[in-house]
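Step one of this worksheet: look at the structure below.
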Amino acid sequence: MNKPHAIIVMGVSGCGKSSVGERLAEALHLAFVEGDALHPAANVEKMSKGIPLIDEDRMPWLDRIGEEMKASLEKGEGIIVSCSALKRLYRDRLRAAVGGNLFFVYLEGSRALLTKRMGERKGHFMPVSLLESQLATLEVPTGEPGVVTVDIDDMVDGIAAIALKGLASLGIMA
């Protein structure tokens, strides 16, 4: 692929989106954007209080992520963003924002592993109590175009290495 590409590292809270996204950005020499940093303050406040977001809360956030990716691609630069992208509707909205030039790395793990990882995080606004809500909302991207699924039962470097192999199979090379 000669044109720049956008990649979203997706999954529920605690799956390692940020850590894996940073490793992929390093390996692919692309900018990394922490999707959580693009949430409006009202969303962060809601989640901090253990209140799950609804579609109406997420749409402005998804649009902002789409704008970031589109701006990067228009400058001829690829980008990697961490974003839960839990529903097909959200992923399709993000694909539309960048004209379809978007790939996803879906980080998948067991409820037990996700709960453990969320419990070990320090200084994150998302409480463990919201994991159930995220898992209930998640529409697994099986069969969608441009998606690489990676099991998270490994160390970050191992997960990133598997993700890179999957992206390479889609034509994205380091």
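Just so we're on the same page: first chain in the structure tokens is A, next is B, and so on; residues restart at 1 for each chain, and ligands are numbered from 1 in the order they show up.
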
| request: Report the residues of stretch 31-112 of chain A whose backbone DSSP state falls under strand (DSSP E), written as a PyMOL selection string. | output: chain A and resi 31-34+79-82+102-108

Please produce a file of the residues just selected, as a PDB file, in the first residue's frame, where the atoms kept are N, CA and C atoms.
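Generated output (part32.pdb):
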```pdb
ATOM      1  N   ALA A  31       2.220   8.186  13.807  1.00  0.00           N
ATOM      2  CA  ALA A  31       1.777   8.912  14.995  1.00  0.00           C
ATOM      3  C   ALA A  31       0.753   8.059  15.739  1.00  0.00           C
ATOM      4  N   PHE A  32       0.754   8.175  17.071  1.00  0.00           N
ATOM      5  CA  PHE A  32      -0.243   7.500  17.891  1.00  0.00           C
ATOM      6  C   PHE A  32      -1.074   8.539  18.621  1.00  0.00           C
ATOM      7  N   VAL A  33      -2.391   8.356  18.595  1.00  0.00           N
ATOM      8  CA  VAL A  33      -3.310   9.242  19.313  1.00  0.00           C
ATOM      9  C   VAL A  33      -4.100   8.406  20.309  1.00  0.00           C
ATOM     10  N   GLU A  34      -4.073   8.835  21.560  1.00  0.00           N
ATOM     11  CA  GLU A  34      -4.846   8.195  22.618  1.00  0.00           C
ATOM     12  C   GLU A  34      -6.295   8.648  22.475  1.00  0.00           C
ATOM     13  N   ILE A  79      -1.725   7.063  10.689  1.00  0.00           N
ATOM     14  CA  ILE A  79      -2.027   7.337  12.097  1.00  0.00           C
ATOM     15  C   ILE A  79      -2.577   6.073  12.747  1.00  0.00           C
ATOM     16  N   ILE A  80      -2.290   5.935  14.023  1.00  0.00           N
ATOM     17  CA  ILE A  80      -2.867   4.861  14.832  1.00  0.00           C
ATOM     18  C   ILE A  80      -3.589   5.512  15.997  1.00  0.00           C
ATOM     19  N   VAL A  81      -4.823   5.061  16.253  1.00  0.00           N
ATOM     20  CA  VAL A  81      -5.643   5.624  17.324  1.00  0.00           C
ATOM     21  C   VAL A  81      -6.186   4.489  18.179  1.00  0.00           C
ATOM     22  N   SER A  82      -6.181   4.694  19.487  1.00  0.00           N
ATOM     23  CA  SER A  82      -6.854   3.745  20.371  1.00  0.00           C
ATOM     24  C   SER A  82      -8.306   4.202  20.519  1.00  0.00           C
ATOM     25  N   LEU A 102      -9.247   2.440   6.452  1.00  0.00           N
ATOM     26  CA  LEU A 102      -9.130   2.231   7.881  1.00  0.00           C
ATOM     27  C   LEU A 102      -9.047   0.745   8.185  1.00  0.00           C
ATOM     28  N   PHE A 103      -8.113   0.414   9.058  1.00  0.00           N
ATOM     29  CA  PHE A 103      -7.940  -0.964   9.499  1.00  0.00           C
ATOM     30  C   PHE A 103      -8.134  -1.003  11.011  1.00  0.00           C
ATOM     31  N   PHE A 104      -8.542  -2.163  11.513  1.00  0.00           N
ATOM     32  CA  PHE A 104      -8.769  -2.339  12.938  1.00  0.00           C
ATOM     33  C   PHE A 104      -7.935  -3.499  13.465  1.00  0.00           C
ATOM     34  N   VAL A 105      -7.345  -3.304  14.633  1.00  0.00           N
ATOM     35  CA  VAL A 105      -6.734  -4.392  15.378  1.00  0.00           C
ATOM     36  C   VAL A 105      -7.639  -4.587  16.586  1.00  0.00           C
ATOM     37  N   TYR A 106      -8.356  -5.710  16.596  1.00  0.00           N
ATOM     38  CA  TYR A 106      -9.295  -6.002  17.673  1.00  0.00           C
ATOM     39  C   TYR A 106      -8.583  -6.853  18.731  1.00  0.00           C
ATOM     40  N   LEU A 107      -8.475  -6.307  19.930  1.00  0.00           N
ATOM     41  CA  LEU A 107      -7.831  -6.997  21.041  1.00  0.00           C
ATOM     42  C   LEU A 107      -8.906  -7.717  21.853  1.00  0.00           C
ATOM     43  N   GLU A 108      -8.798  -9.031  21.870  1.00  0.00           N
ATOM     44  CA  GLU A 108      -9.836  -9.875  22.454  1.00  0.00           C
ATOM     45  C   GLU A 108      -9.266 -10.638  23.652  1.00  0.00           C
TER      46      GLU A 108
END
```

| message | Show me, as a PyMOL selection string, the residues that have an atom within 12 Å of A:Glu74 when counting only C-alpha atoms, minus same-chain residues fewer than 3 positions from it. | response | chain A and resi 3-6+67-71+77-79+97-99+101

Okay, now the selection with all heavy atoms, as a short mmCIF file (atom, residue, chain, number, x, y, z; two decimals), in the first residue's frame?
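Output contents, as saved in again.cif:
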```cif
data_model
loop_
_atom_site.label_atom_id
_atom_site.label_comp_id
_atom_site.auth_asym_id
_atom_site.auth_seq_id
_atom_site.Cartn_x
_atom_site.Cartn_y
_atom_site.Cartn_z
N LYS A 3 -0.46 4.45 -0.24
CA LYS A 3 -1.09 5.58 0.43
C LYS A 3 -1.07 5.37 1.94
O LYS A 3 -1.01 4.23 2.41
CB LYS A 3 -2.50 5.80 -0.10
CG LYS A 3 -3.51 4.72 0.19
CD LYS A 3 -4.84 5.11 -0.43
CE LYS A 3 -5.91 4.11 -0.06
NZ LYS A 3 -7.21 4.52 -0.53
N PRO A 4 -1.09 6.46 2.69
CA PRO A 4 -1.08 6.33 4.15
C PRO A 4 -2.35 5.65 4.64
O PRO A 4 -3.38 5.69 3.97
CB PRO A 4 -1.00 7.77 4.64
CG PRO A 4 -1.51 8.60 3.52
CD PRO A 4 -1.18 7.85 2.26
N HIS A 5 -2.27 5.03 5.78
CA HIS A 5 -3.43 4.33 6.31
C HIS A 5 -3.67 4.70 7.77
O HIS A 5 -2.76 5.11 8.48
CB HIS A 5 -3.26 2.82 6.16
CG HIS A 5 -1.87 2.37 6.42
ND1 HIS A 5 -0.95 2.25 5.41
CD2 HIS A 5 -1.23 2.06 7.56
CE1 HIS A 5 0.21 1.86 5.93
NE2 HIS A 5 0.07 1.74 7.22
N ALA A 6 -4.92 4.54 8.16
CA ALA A 6 -5.31 4.75 9.55
C ALA A 6 -5.60 3.38 10.16
O ALA A 6 -6.17 2.51 9.50
CB ALA A 6 -6.55 5.64 9.62
N GLU A 67 -12.23 12.87 12.51
CA GLU A 67 -11.60 14.11 12.02
C GLU A 67 -10.08 14.06 12.17
O GLU A 67 -9.35 14.49 11.28
CB GLU A 67 -12.16 15.32 12.78
CG GLU A 67 -13.60 15.63 12.43
CD GLU A 67 -14.28 16.55 13.44
OE1 GLU A 67 -13.59 17.10 14.34
OE2 GLU A 67 -15.51 16.70 13.36
N GLU A 68 -9.60 13.55 13.29
CA GLU A 68 -8.15 13.42 13.53
C GLU A 68 -7.52 12.52 12.46
O GLU A 68 -6.47 12.84 11.90
CB GLU A 68 -7.87 12.83 14.92
CG GLU A 68 -8.16 13.75 16.05
CD GLU A 68 -7.04 14.73 16.34
OE1 GLU A 68 -5.85 14.41 16.10
OE2 GLU A 68 -7.36 15.82 16.84
N MET A 69 -8.17 11.38 12.21
CA MET A 69 -7.63 10.43 11.23
C MET A 69 -7.67 11.03 9.82
O MET A 69 -6.69 10.93 9.08
CB MET A 69 -8.40 9.11 11.28
CG MET A 69 -8.18 8.34 12.56
SD MET A 69 -8.92 6.68 12.57
CE MET A 69 -10.64 7.02 12.23
N LYS A 70 -8.78 11.65 9.47
CA LYS A 70 -8.92 12.24 8.14
C LYS A 70 -7.86 13.33 7.92
O LYS A 70 -7.23 13.38 6.86
CB LYS A 70 -10.32 12.82 7.97
CG LYS A 70 -10.57 13.38 6.59
CD LYS A 70 -11.99 13.89 6.43
CE LYS A 70 -12.16 14.42 5.03
NZ LYS A 70 -13.45 15.06 4.83
N ALA A 71 -7.65 14.18 8.92
CA ALA A 71 -6.66 15.26 8.80
C ALA A 71 -5.26 14.68 8.59
O ALA A 71 -4.49 15.19 7.77
CB ALA A 71 -6.70 16.14 10.05
N GLU A 77 -0.06 11.42 5.91
CA GLU A 77 0.54 10.72 7.05
C GLU A 77 -0.42 9.67 7.60
O GLU A 77 -1.61 9.92 7.74
CB GLU A 77 0.85 11.72 8.18
CG GLU A 77 1.82 12.81 7.76
CD GLU A 77 1.91 13.94 8.78
OE1 GLU A 77 1.21 13.87 9.82
OE2 GLU A 77 2.67 14.88 8.52
N GLY A 78 0.12 8.49 7.90
CA GLY A 78 -0.66 7.46 8.55
C GLY A 78 -0.83 7.78 10.02
O GLY A 78 -0.15 8.66 10.56
N ILE A 79 -1.72 7.06 10.69
CA ILE A 79 -2.03 7.34 12.10
C ILE A 79 -2.58 6.07 12.75
O ILE A 79 -3.24 5.27 12.09
CB ILE A 79 -3.03 8.51 12.22
CG1 ILE A 79 -3.24 8.92 13.68
CG2 ILE A 79 -4.35 8.19 11.53
CD1 ILE A 79 -4.03 10.22 13.85
N ALA A 97 -15.61 8.26 7.80
CA ALA A 97 -14.88 9.50 8.06
C ALA A 97 -13.56 9.57 7.29
O ALA A 97 -13.11 10.65 6.93
CB ALA A 97 -14.60 9.65 9.56
N VAL A 98 -12.96 8.41 7.03
CA VAL A 98 -11.67 8.39 6.33
C VAL A 98 -11.78 7.77 4.93
O VAL A 98 -10.79 7.35 4.35
CB VAL A 98 -10.59 7.65 7.15
CG1 VAL A 98 -10.31 8.39 8.44
CG2 VAL A 98 -10.95 6.21 7.42
N GLY A 99 -12.99 7.72 4.40
CA GLY A 99 -13.16 7.20 3.05
C GLY A 99 -12.83 5.72 2.92
O GLY A 99 -12.44 5.26 1.85
N ASN A 101 -10.38 4.01 4.20
CA ASN A 101 -8.97 3.66 4.37
C ASN A 101 -8.64 3.48 5.85
O ASN A 101 -7.91 4.25 6.45
CB ASN A 101 -8.07 4.74 3.75
CG ASN A 101 -6.61 4.35 3.76
OD1 ASN A 101 -6.27 3.17 3.86
ND2 ASN A 101 -5.75 5.33 3.70
#
```

| request: If you run DSSP over the backbone, which residues in stretch 6-172 of chain A end up helix (DSSP H, G or I)? Put them as an MDAnalysis selection string. | output: chainID A and resid 17:28 35:38 41:48 55:74 88:97 111:120 128:137 156:169

| field | Atom pair atom CA of A:Ile162 / atom CA of A:Gly21: separation (Å) | value | 12.6 Å

| query | Which residue, A:Leu94, A:Ala41, A:Gly50, A:Ser13, has the smallest gap to A:Leu135 when you use only C-alpha atoms? | reply | A:Ser13

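Atom to atom, atom CA of A:Ala112 and atom CA of A:Pro145 stand 28.5 Å apart.
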
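If only C-alpha atoms are the atoms counted, then among A:Ile65, A:Val147, A:Ile7, A:Ala160 the closest residue to A:His39 is A:Ile65.
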
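A straight line drawn from atom CA of A:Ile152 to atom CA of A:Met10 is 11.8 Å long.
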
With a distance cut-off of 10 Å and only C-alpha atoms, select the neighbouring residues of A:Leu113, excluding the residue or stretch itself and same-chain residues fewer than 6 positions from it, and output the selection as a PDB file with C-alpha atoms, in the first residue's frame.
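And here's result-v1.pdb as it stands now:
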```pdb
ATOM      1  CA  GLY A  14      -8.462  -3.054  29.906  1.00  0.00           C
ATOM      2  CA  CYS A  15      -7.526  -4.951  26.732  1.00  0.00           C
ATOM      3  CA  GLY A 119      -7.881  -3.701  38.506  1.00  0.00           C
ATOM      4  CA  ILE A 152      -4.441 -10.533  24.588  1.00  0.00           C
ATOM      5  CA  ASP A 153      -3.245 -13.461  26.711  1.00  0.00           C
TER       6      ASP A 153
END
```

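Residues within 9 Å of A:Met173, counting only C-alpha atoms and excluding same-chain residues fewer than 4 positions away, are Met1, Leu28, Leu164, Lys165, Leu167, Ala168 and Ser169 of chain A.
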
Output for the residues just chosen: all heavy atoms as a CSV table (one decimal), in the first residue's frame:
```
chain,number,residue,atom,x,y,z
A,1,MET,N,0.8,-1.2,0.0
A,1,MET,CA,0.0,0.0,0.0
A,1,MET,C,0.9,1.2,0.0
A,1,MET,O,1.7,1.4,0.9
A,1,MET,CB,-0.9,0.0,1.3
A,1,MET,CG,-2.1,-0.7,1.1
A,1,MET,SD,-3.1,-0.6,2.6
A,1,MET,CE,-4.1,-2.0,2.3
A,28,LEU,N,5.6,0.9,13.0
A,28,LEU,CA,5.2,1.3,11.7
A,28,LEU,C,5.6,2.8,11.4
A,28,LEU,O,5.3,3.3,10.4
A,28,LEU,CB,3.7,1.2,11.6
A,28,LEU,CG,3.2,-0.3,11.6
A,28,LEU,CD1,1.7,-0.3,11.7
A,28,LEU,CD2,3.6,-1.1,10.4
A,164,LEU,N,1.1,-7.0,14.2
A,164,LEU,CA,1.9,-6.6,13.0
A,164,LEU,C,1.9,-7.6,11.9
A,164,LEU,O,1.7,-7.3,10.7
A,164,LEU,CB,3.4,-6.3,13.4
A,164,LEU,CG,3.6,-5.0,14.1
A,164,LEU,CD1,4.9,-4.9,14.8
A,164,LEU,CD2,3.4,-3.8,13.2
A,165,LYS,N,1.9,-8.9,12.3
A,165,LYS,CA,1.8,-10.0,11.3
A,165,LYS,C,0.5,-9.9,10.6
A,165,LYS,O,0.4,-10.1,9.4
A,165,LYS,CB,2.0,-11.4,11.9
A,165,LYS,CG,3.5,-11.7,12.2
A,165,LYS,CD,3.6,-13.1,12.9
A,165,LYS,CE,5.0,-13.3,13.4
A,165,LYS,NZ,5.1,-14.5,14.2
A,167,LEU,N,-1.5,-7.3,10.3
A,167,LEU,CA,-1.6,-6.1,9.4
A,167,LEU,C,-0.8,-6.3,8.1
A,167,LEU,O,-1.2,-5.9,7.1
A,167,LEU,CB,-1.1,-4.9,10.2
A,167,LEU,CG,-2.0,-4.4,11.3
A,167,LEU,CD1,-1.3,-3.4,12.2
A,167,LEU,CD2,-3.2,-3.8,10.7
A,168,ALA,N,0.4,-7.0,8.3
A,168,ALA,CA,1.2,-7.3,7.1
A,168,ALA,C,0.4,-8.2,6.1
A,168,ALA,O,0.5,-8.0,4.9
A,168,ALA,CB,2.5,-8.0,7.5
A,169,SER,N,-0.4,-9.1,6.6
A,169,SER,CA,-1.2,-9.9,5.7
A,169,SER,C,-2.3,-9.1,5.0
A,169,SER,O,-2.8,-9.5,3.9
A,169,SER,CB,-1.9,-11.0,6.5
A,169,SER,OG,-3.0,-10.6,7.3
```
